[in-house]
Structures are given as C-alpha cells and as structure tokens.
Amino acid sequence: MATSLKIRIIAFITACILIFGIGVGYAFLHSDGTSKSLPILNMAGQEITISEYRDAADPDFNTLIMFLSEDATEDKDYVYPVYTCGDFASRLHDSAEKRGIRCGIVGVKFKTAYEENRSEILNNGSHYLPAYSSYDACRGHAFNAFNTTDRGIVYVDSTGITVEEKEMGNKPYDMIVYAREGEELGEIRVDQVESLDYSYYKLKEGQYLRYRSTVEKYNYAAEILNREIRENNISASTAINKKRELEAMRLNLEQREEYKWIIVGQLGVIDHLQVFW
C-alpha cells in the first residue's frame with residue numbers, strides 16, 4: 001500500500017514537472033519579443049529599437065502580401081522629425097514578427113551631391129541616417145526586408161505620409177522597394193507590381209516619366225490658354241478649338257494605365273545597403 005502511494009506521488013510530481021516544462025517552453029518560444037537596438041538612427045538621433053520573436057519564420061510571397069494588406073503601419077502619420085522612415089520600419093517589423101513572419105530592417109546610405117554631407121556620413125561610422133526632404137541633402141533611408149521562401153528577398157517600404165498630404169487627397173500605400181548598391185532607389189505600389197527585378201522598375205520608371213512629360217505639356221498648354229483668355233489675346237473661336245483639343249488630351253491621359261500608377265523614384269543613388277535580421 002505504501003509502495004503504491006509512493007509510486008502515485010512520484011507519477012504526480014513527474015507529470016507536474018512535464019506540464020510546467022512544456023508551459024515554460026511554450027512561453028519561451030512565444031514570448032512578447034526580445035528588445036534589440038540597431039545602428040540606424042531616427043530623426044531624433046536615437047537608435048531604432050525592435051522586438052524579435054523567436055518563432056517568426058520566413059513567409060511565402062502570398063502570405064507577405066496578405067499580411068501587408070491587413071497591416072496598417074502606413075496609415076500612421078509621418079511627422080518630421082518625430083516619426084519618420086526608421087520608426088515606420090520598426091513598427092512594421094514588430095507587427096510582422098508578432099504575426100510569426102520573420103522581418104529585417106534595411107539601412108541605406110545615399111550618395112550625395114555636397115561634399116560636406118558626404119563627409120558627415122562617413123564620419124558617422126556604421127550609423128544609417130534617415131532621409132531628408134531634398135535630394136541633395138538626402139543621406140539615407142530605412143525600410144523592411146522579407147526573405148520569402150518562393151521569391152527571395154523582398155524589400156517593403158510602409159512609410160506613411162503627412163497630415164497635410166492626406167488633406168490634399170493623397171493616400172499612403174505599402175511600396176515594393178527596388179534597391180541595389182550603385183543604383184537609384186525606386187518604389188512601386190505593392191498592388192501594381194508584376195516583377196521584383198530591378199530592370200522591371202527601370203522599365204516602368206521610364207514609361208512613367210514619359211507619361212509625366214506629356215502631363216506637363218498638357219498643363220503648360222492649359223496655362224498658356226488660360227492666360228491668353230484672361231488677357232484677351234485670343235479669339236473666341238480659337239479658344240474654343242484649343243479647349244476641345246486640351247479636353248481630348250486630358251481624357252486620353254486619364255484613360256492611360258499610368259494615370260493610376262504610384263511610382264517613387266530618384267530618392268537617391270545607393271552608396272551602401274545593409275539588412276539587419
């Protein structure tokens with residue numbers, strides 16, 4: 001009887017240890033995230049901090065796109081210098097890893113036109129400074145990287161826009177980033193991307209720039225016509241004919257596929273790119 005009771009007690013203790021061990025192991029794997037600082041500075045001059053989740057794994061491309069469609073990082077307001085690209089990258093990283101999707105942060109240094117800006121970058125060592133508004137002063141950028149199981153590395157930029165831009169009717173979007181050292185950094189809206197190859201971006205950029213050139217010609221012609229009408233330097237019949245021509249041109253521009261494109265280009269030529277996993 002005593003032996004039987006002893007065996008039962010040992011079995012109970014063993015079961016408790018196993019249950020406790022499994023619980024601790026699960027909590028360890030599914031922890032709230034381990035905090036980690038990266039050598040990427042935000043506009044406040046502070047290193048970006050992220051939370052890493054041990055069970056995060058590389059997604060396939062469709063899983064990544066689905067996650068981006070559900071995530072709302074890009075909806076947050078861009079507030080210079082309080083909340084900028086590095087902060088958005090950190091937010092998207094933590095959101096992805098919390099969902100079990102492994103994510104990295106990319107630090108980019110741009111080549112700059114002014115020697116004093118370049119020397120400031122070089123003197124900063126390993127830190128990646130965030131972007132400024134003008135190209136000549138633009139020193140760096142931060143965005144995210146995902147190592148998809150079927151399409152390889154995919155760069156994503158979920159940096160939002162300012163309140164003023166939203167009031168003008170603009171909307172923030174997740175962007176696929178095309179980046180490689182020695183080349184211009186470019187971005188295309190996620191739902192408008194057909195290829196991840198850099199050559200695809202350059203092809204689309206060229207097509208879009210030609211479209212923009214046509215738009216500028218239309219705007220210039222409309223401005224000239226309006227000025228001639230205000231100054232009475234054009235006959236009524238000629239003005240009517242020109243208005244018809246411009247209206248046809250406008251309709252044609254709005255019907256072209258480029259009208260709905262969102263492409264960001266000429267942010268800078270990449271001097272150095274590094275991914276922090």
# chains A, B, ... in the order shown; residues from 1 in each chain; ligands from 1

call {"tool": "residues_around", "arguments": {"residues": "A:Thr149", "least_positions_apart": "4", "cutoff": "7 Å", "atoms": "only C-alpha atoms", "output": "PyMOL selection string"}}
result
chain A and resi 58-60

call {"tool": "write_last_selection", "arguments": {"atoms": "all heavy atoms", "output": "JSON list (two decimals), in the first residue's frame"}}
result
[["chain", "number", "residue", "atom", "x", "y", "z"],
["A", 58, "ASP", "N", 10.26, 32.66, -42.13],
["A", 58, "ASP", "CA", 10.17, 33.27, -43.45],
["A", 58, "ASP", "C", 8.84, 32.91, -44.11],
["A", 58, "ASP", "O", 8.47, 31.73, -44.14],
["A", 58, "ASP", "CB", 11.33, 32.81, -44.34],
["A", 58, "ASP", "CG", 12.68, 33.32, -43.84],
["A", 58, "ASP", "OD1", 12.70, 34.39, -43.21],
["A", 58, "ASP", "OD2", 13.69, 32.64, -44.08],
["A", 59, "PRO", "N", 8.13, 33.88, -44.68],
["A", 59, "PRO", "CA", 6.84, 33.61, -45.32],
["A", 59, "PRO", "C", 7.01, 33.34, -46.82],
["A", 59, "PRO", "O", 8.08, 33.60, -47.38],
["A", 59, "PRO", "CB", 6.10, 34.93, -45.11],
["A", 59, "PRO", "CG", 7.19, 35.95, -45.27],
["A", 59, "PRO", "CD", 8.43, 35.33, -44.66],
["A", 60, "ASP", "N", 5.97, 32.83, -47.46],
["A", 60, "ASP", "CA", 5.99, 32.84, -48.91],
["A", 60, "ASP", "C", 5.45, 34.20, -49.37],
["A", 60, "ASP", "O", 4.96, 35.00, -48.56],
["A", 60, "ASP", "CB", 5.18, 31.68, -49.51],
["A", 60, "ASP", "CG", 3.72, 31.67, -49.08],
["A", 60, "ASP", "OD1", 3.14, 32.76, -48.89],
["A", 60, "ASP", "OD2", 3.15, 30.59, -48.92]]

call {"tool": "residues_around", "arguments": {"residues": "A:Leu196", "least_positions_apart": "6", "cutoff": "9 Å", "atoms": "only C-alpha atoms", "output": "PyMOL selection string"}}
result
chain A and resi 151+154+176-178

call {"tool": "residues_around", "arguments": {"residues": "stretch 160-174 of chain A", "least_positions_apart": "4", "cutoff": "7 Å", "atoms": "only C-alpha atoms", "output": "PDB file with all heavy atoms, in the first residue's frame"}}
result
ATOM      1  N   GLU A  74       1.328  51.863 -42.565  1.00  0.00           N
ATOM      2  CA  GLU A  74       1.431  53.023 -43.458  1.00  0.00           C
ATOM      3  C   GLU A  74       0.383  54.093 -43.165  1.00  0.00           C
ATOM      4  O   GLU A  74       0.519  55.240 -43.619  1.00  0.00           O
ATOM      5  CB  GLU A  74       1.328  52.583 -44.925  1.00  0.00           C
ATOM      6  CG  GLU A  74      -0.060  52.202 -45.401  1.00  0.00           C
ATOM      7  CD  GLU A  74      -0.480  50.798 -44.991  1.00  0.00           C
ATOM      8  OE1 GLU A  74       0.274  50.129 -44.252  1.00  0.00           O
ATOM      9  OE2 GLU A  74      -1.577  50.358 -45.411  1.00  0.00           O
ATOM     10  N   ASP A  75      -0.668  53.741 -42.419  1.00  0.00           N
ATOM     11  CA  ASP A  75      -1.722  54.711 -42.123  1.00  0.00           C
ATOM     12  C   ASP A  75      -1.323  55.719 -41.044  1.00  0.00           C
ATOM     13  O   ASP A  75      -1.961  56.766 -40.904  1.00  0.00           O
ATOM     14  CB  ASP A  75      -2.998  53.986 -41.687  1.00  0.00           C
ATOM     15  CG  ASP A  75      -3.640  53.218 -42.831  1.00  0.00           C
ATOM     16  OD1 ASP A  75      -3.445  53.625 -43.988  1.00  0.00           O
ATOM     17  OD2 ASP A  75      -4.321  52.208 -42.568  1.00  0.00           O
ATOM     18  N   LYS A  76      -0.298  55.398 -40.289  1.00  0.00           N
ATOM     19  CA  LYS A  76       0.153  56.324 -39.246  1.00  0.00           C
ATOM     20  C   LYS A  76       0.743  57.574 -39.904  1.00  0.00           C
ATOM     21  O   LYS A  76       1.353  57.500 -40.968  1.00  0.00           O
ATOM     22  CB  LYS A  76       1.197  55.640 -38.361  1.00  0.00           C
ATOM     23  CG  LYS A  76       1.544  56.421 -37.104  1.00  0.00           C
ATOM     24  CD  LYS A  76       2.394  55.603 -36.159  1.00  0.00           C
ATOM     25  CE  LYS A  76       2.806  56.406 -34.927  1.00  0.00           C
ATOM     26  NZ  LYS A  76       1.639  56.865 -34.152  1.00  0.00           N
ATOM     27  N   ASP A  77       0.568  58.718 -39.260  1.00  0.00           N
ATOM     28  CA  ASP A  77       1.036  59.982 -39.834  1.00  0.00           C
ATOM     29  C   ASP A  77       2.560  60.099 -39.799  1.00  0.00           C
ATOM     30  O   ASP A  77       3.198  59.751 -38.799  1.00  0.00           O
ATOM     31  CB  ASP A  77       0.436  61.167 -39.071  1.00  0.00           C
ATOM     32  CG  ASP A  77      -1.071  61.242 -39.211  1.00  0.00           C
ATOM     33  OD1 ASP A  77      -1.596  60.708 -40.207  1.00  0.00           O
ATOM     34  OD2 ASP A  77      -1.721  61.823 -38.318  1.00  0.00           O
ATOM     35  N   TYR A  78       3.109  60.585 -40.895  1.00  0.00           N
ATOM     36  CA  TYR A  78       4.533  60.921 -40.959  1.00  0.00           C
ATOM     37  C   TYR A  78       4.694  62.305 -40.341  1.00  0.00           C
ATOM     38  O   TYR A  78       4.119  63.285 -40.826  1.00  0.00           O
ATOM     39  CB  TYR A  78       4.993  60.927 -42.417  1.00  0.00           C
ATOM     40  CG  TYR A  78       6.471  61.206 -42.622  1.00  0.00           C
ATOM     41  CD1 TYR A  78       7.360  60.169 -42.892  1.00  0.00           C
ATOM     42  CD2 TYR A  78       6.971  62.505 -42.572  1.00  0.00           C
ATOM     43  CE1 TYR A  78       8.712  60.420 -43.096  1.00  0.00           C
ATOM     44  CE2 TYR A  78       8.315  62.764 -42.767  1.00  0.00           C
ATOM     45  CZ  TYR A  78       9.184  61.720 -43.034  1.00  0.00           C
ATOM     46  OH  TYR A  78      10.519  61.979 -43.230  1.00  0.00           O
ATOM     47  N   VAL A  79       5.444  62.383 -39.267  1.00  0.00           N
ATOM     48  CA  VAL A  79       5.627  63.655 -38.561  1.00  0.00           C
ATOM     49  C   VAL A  79       7.122  63.924 -38.431  1.00  0.00           C
ATOM     50  O   VAL A  79       7.818  63.283 -37.648  1.00  0.00           O
ATOM     51  CB  VAL A  79       4.980  63.631 -37.161  1.00  0.00           C
ATOM     52  CG1 VAL A  79       5.143  64.990 -36.481  1.00  0.00           C
ATOM     53  CG2 VAL A  79       3.513  63.248 -37.246  1.00  0.00           C
ATOM     54  N   VAL A 156      10.270  46.124 -48.640  1.00  0.00           N
ATOM     55  CA  VAL A 156       8.969  46.785 -48.496  1.00  0.00           C
ATOM     56  C   VAL A 156       9.139  48.091 -47.726  1.00  0.00           C
ATOM     57  O   VAL A 156       9.828  48.134 -46.701  1.00  0.00           O
ATOM     58  CB  VAL A 156       7.963  45.883 -47.741  1.00  0.00           C
ATOM     59  CG1 VAL A 156       6.651  46.628 -47.504  1.00  0.00           C
ATOM     60  CG2 VAL A 156       7.716  44.599 -48.514  1.00  0.00           C
ATOM     61  N   ARG A 189       4.002  50.792 -55.991  1.00  0.00           N
ATOM     62  CA  ARG A 189       2.930  50.343 -55.101  1.00  0.00           C
ATOM     63  C   ARG A 189       2.756  48.829 -55.188  1.00  0.00           C
ATOM     64  O   ARG A 189       2.793  48.251 -56.284  1.00  0.00           O
ATOM     65  CB  ARG A 189       1.622  51.045 -55.477  1.00  0.00           C
ATOM     66  CG  ARG A 189       0.649  51.167 -54.323  1.00  0.00           C
ATOM     67  CD  ARG A 189      -0.513  52.043 -54.709  1.00  0.00           C
ATOM     68  NE  ARG A 189      -1.598  51.279 -55.292  1.00  0.00           N
ATOM     69  CZ  ARG A 189      -2.729  51.820 -55.747  1.00  0.00           C
ATOM     70  NH1 ARG A 189      -2.895  53.115 -55.703  1.00  0.00           N
ATOM     71  NH2 ARG A 189      -3.678  51.067 -56.258  1.00  0.00           N
ATOM     72  N   VAL A 190       2.560  48.191 -54.040  1.00  0.00           N
ATOM     73  CA  VAL A 190       2.521  46.730 -53.957  1.00  0.00           C
ATOM     74  C   VAL A 190       1.553  46.106 -54.955  1.00  0.00           C
ATOM     75  O   VAL A 190       1.893  45.142 -55.652  1.00  0.00           O
ATOM     76  CB  VAL A 190       2.157  46.285 -52.518  1.00  0.00           C
ATOM     77  CG1 VAL A 190       1.782  44.817 -52.490  1.00  0.00           C
ATOM     78  CG2 VAL A 190       3.327  46.533 -51.580  1.00  0.00           C
TER      79      VAL A 190
END

call {"tool": "atom_distance", "arguments": {"atom1": "atom CA of A:Ala89", "atom2": "atom CA of A:Lys204"}}
result
25.2 Å

call {"tool": "atom_distance", "arguments": {"atom1": "atom CA of A:Glu187", "atom2": "atom CA of A:Ile40"}}
result
20.6 Å

call {"tool": "closest_residue", "arguments": {"among": "A:Asp87, A:Glu231, A:Asp55, A:Glu183", "to": "A:Thr159", "atoms": "only C-alpha atoms"}}
result
A:Asp87

call {"tool": "select_by_dssp", "arguments": {"residues": "stretch 63-210 of chain A", "states": "helix (DSSP H, G or I)", "output": "JSON, numbers by chain"}}
result
{"A": [63, 64, 65, 66, 67, 68, 69, 70, 73, 74, 75, 85, 86, 87, 88, 89, 90, 91, 92, 93, 94, 95, 96, 97, 98, 115, 116, 117, 118, 119, 120, 121, 122, 123, 163, 164, 165, 166, 167, 190, 191, 192, 198, 199, 200, 201, 202, 203, 204, 205, 206, 207, 208, 209, 210]}

call {"tool": "closest_residue", "arguments": {"among": "A:Leu38, A:Leu92, A:Leu251, A:Ile50", "to": "A:Leu68", "atoms": "only C-alpha atoms"}}
result
A:Leu92

call {"tool": "residues_around", "arguments": {"residues": "stretch 199-202 of chain A", "least_positions_apart": "5", "cutoff": "10 Å", "atoms": "only C-alpha atoms", "output": "list in words"}}
result
Ile176, Val177, Tyr178, Ala179, Glu184, Leu185, Gly186, Glu187, Ile188, Val193, Glu194, Gln207, Tyr208, Ile263 and Gly265 of chain A

call {"tool": "residues_around", "arguments": {"residues": "A:Lys260", "least_positions_apart": "4", "cutoff": "12 Å", "atoms": "only C-alpha atoms", "output": "VMD selection string"}}
result
chain A and resid 188 to 189 191 to 192 208 211 253 to 256

call {"tool": "write_last_selection", "arguments": {"atoms": "N, CA and C atoms", "output": "mmCIF file, in the first residue's frame"}}
result
data_model
loop_
_atom_site.group_PDB
_atom_site.id
_atom_site.type_symbol
_atom_site.label_atom_id
_atom_site.label_comp_id
_atom_site.auth_asym_id
_atom_site.auth_seq_id
_atom_site.Cartn_x
_atom_site.Cartn_y
_atom_site.Cartn_z
ATOM 1 N N ILE A 188 7.520 50.963 -56.147
ATOM 2 C CA ILE A 188 6.254 50.842 -56.865
ATOM 3 C C ILE A 188 5.216 50.284 -55.897
ATOM 4 N N ARG A 189 4.002 50.792 -55.991
ATOM 5 C CA ARG A 189 2.930 50.343 -55.101
ATOM 6 C C ARG A 189 2.756 48.829 -55.188
ATOM 7 N N ASP A 191 0.337 46.642 -55.042
ATOM 8 C CA ASP A 191 -0.674 46.026 -55.901
ATOM 9 C C ASP A 191 -0.485 46.352 -57.380
ATOM 10 N N GLN A 192 0.579 47.093 -57.719
ATOM 11 C CA GLN A 192 0.852 47.412 -59.118
ATOM 12 C C GLN A 192 2.135 46.743 -59.613
ATOM 13 N N TYR A 208 6.756 55.748 -67.007
ATOM 14 C CA TYR A 208 6.042 56.731 -66.196
ATOM 15 C C TYR A 208 6.587 58.140 -66.423
ATOM 16 N N TYR A 211 5.187 59.530 -69.507
ATOM 17 C CA TYR A 211 3.803 59.931 -69.254
ATOM 18 C C TYR A 211 3.756 61.274 -68.532
ATOM 19 N N LEU A 253 -5.152 61.168 -71.270
ATOM 20 C CA LEU A 253 -4.196 60.979 -70.178
ATOM 21 C C LEU A 253 -4.831 60.219 -69.015
ATOM 22 N N GLU A 254 -6.083 60.522 -68.708
ATOM 23 C CA GLU A 254 -6.759 59.869 -67.589
ATOM 24 C C GLU A 254 -7.124 58.422 -67.891
ATOM 25 N N GLN A 255 -7.212 58.077 -69.169
ATOM 26 C CA GLN A 255 -7.559 56.710 -69.543
ATOM 27 C C GLN A 255 -6.334 55.795 -69.640
ATOM 28 N N ARG A 256 -5.168 56.376 -69.665
ATOM 29 C CA ARG A 256 -3.951 55.573 -69.753
ATOM 30 C C ARG A 256 -3.656 54.899 -68.421
#

call {"tool": "atom_distance", "arguments": {"atom1": "atom CA of A:Ala96", "atom2": "atom CA of A:Asp157"}}
result
13.2 Å

call {"tool": "residues_around", "arguments": {"residues": "A:Tyr80", "least_positions_apart": "2", "cutoff": "10 Å", "atoms": "only C-alpha atoms", "output": "mmCIF file with C-alpha atoms, in the first residue's frame"}}
result
data_model
loop_
_atom_site.group_PDB
_atom_site.id
_atom_site.type_symbol
_atom_site.label_atom_id
_atom_site.label_comp_id
_atom_site.auth_asym_id
_atom_site.auth_seq_id
_atom_site.Cartn_x
_atom_site.Cartn_y
_atom_site.Cartn_z
ATOM 1 C CA MET A 43 15.436 61.832 -36.774
ATOM 2 C CA ALA A 44 15.806 62.308 -33.028
ATOM 3 C CA ASP A 77 1.036 59.982 -39.834
ATOM 4 C CA TYR A 78 4.533 60.921 -40.959
ATOM 5 C CA VAL A 82 9.170 62.934 -34.566
ATOM 6 C CA TYR A 83 8.059 59.908 -36.587
ATOM 7 C CA THR A 84 9.832 59.143 -39.866
ATOM 8 C CA CYS A 85 11.009 56.247 -42.047
ATOM 9 C CA TYR A 132 15.724 64.424 -45.683
ATOM 10 C CA SER A 133 13.212 66.159 -47.918
ATOM 11 C CA THR A 162 1.928 63.717 -43.590
#

call {"tool": "select_by_dssp", "arguments": {"residues": "stretch 180-233 of chain A", "states": "strand (DSSP E)", "output": "list in words"}}
result
Gly186, Glu187, Ile188 and Arg189 of chain A

call {"tool": "closest_residue", "arguments": {"among": "A:Gly100, A:Arg230, A:Thr73, A:Pro39", "to": "A:Ala56", "atoms": "only C-alpha atoms"}}
result
A:Gly100

call {"tool": "closest_residue", "arguments": {"among": "A:Arg91, A:Arg99, A:Arg180, A:Arg244", "to": "A:Phe143", "atoms": "only C-alpha atoms"}}
result
A:Arg91
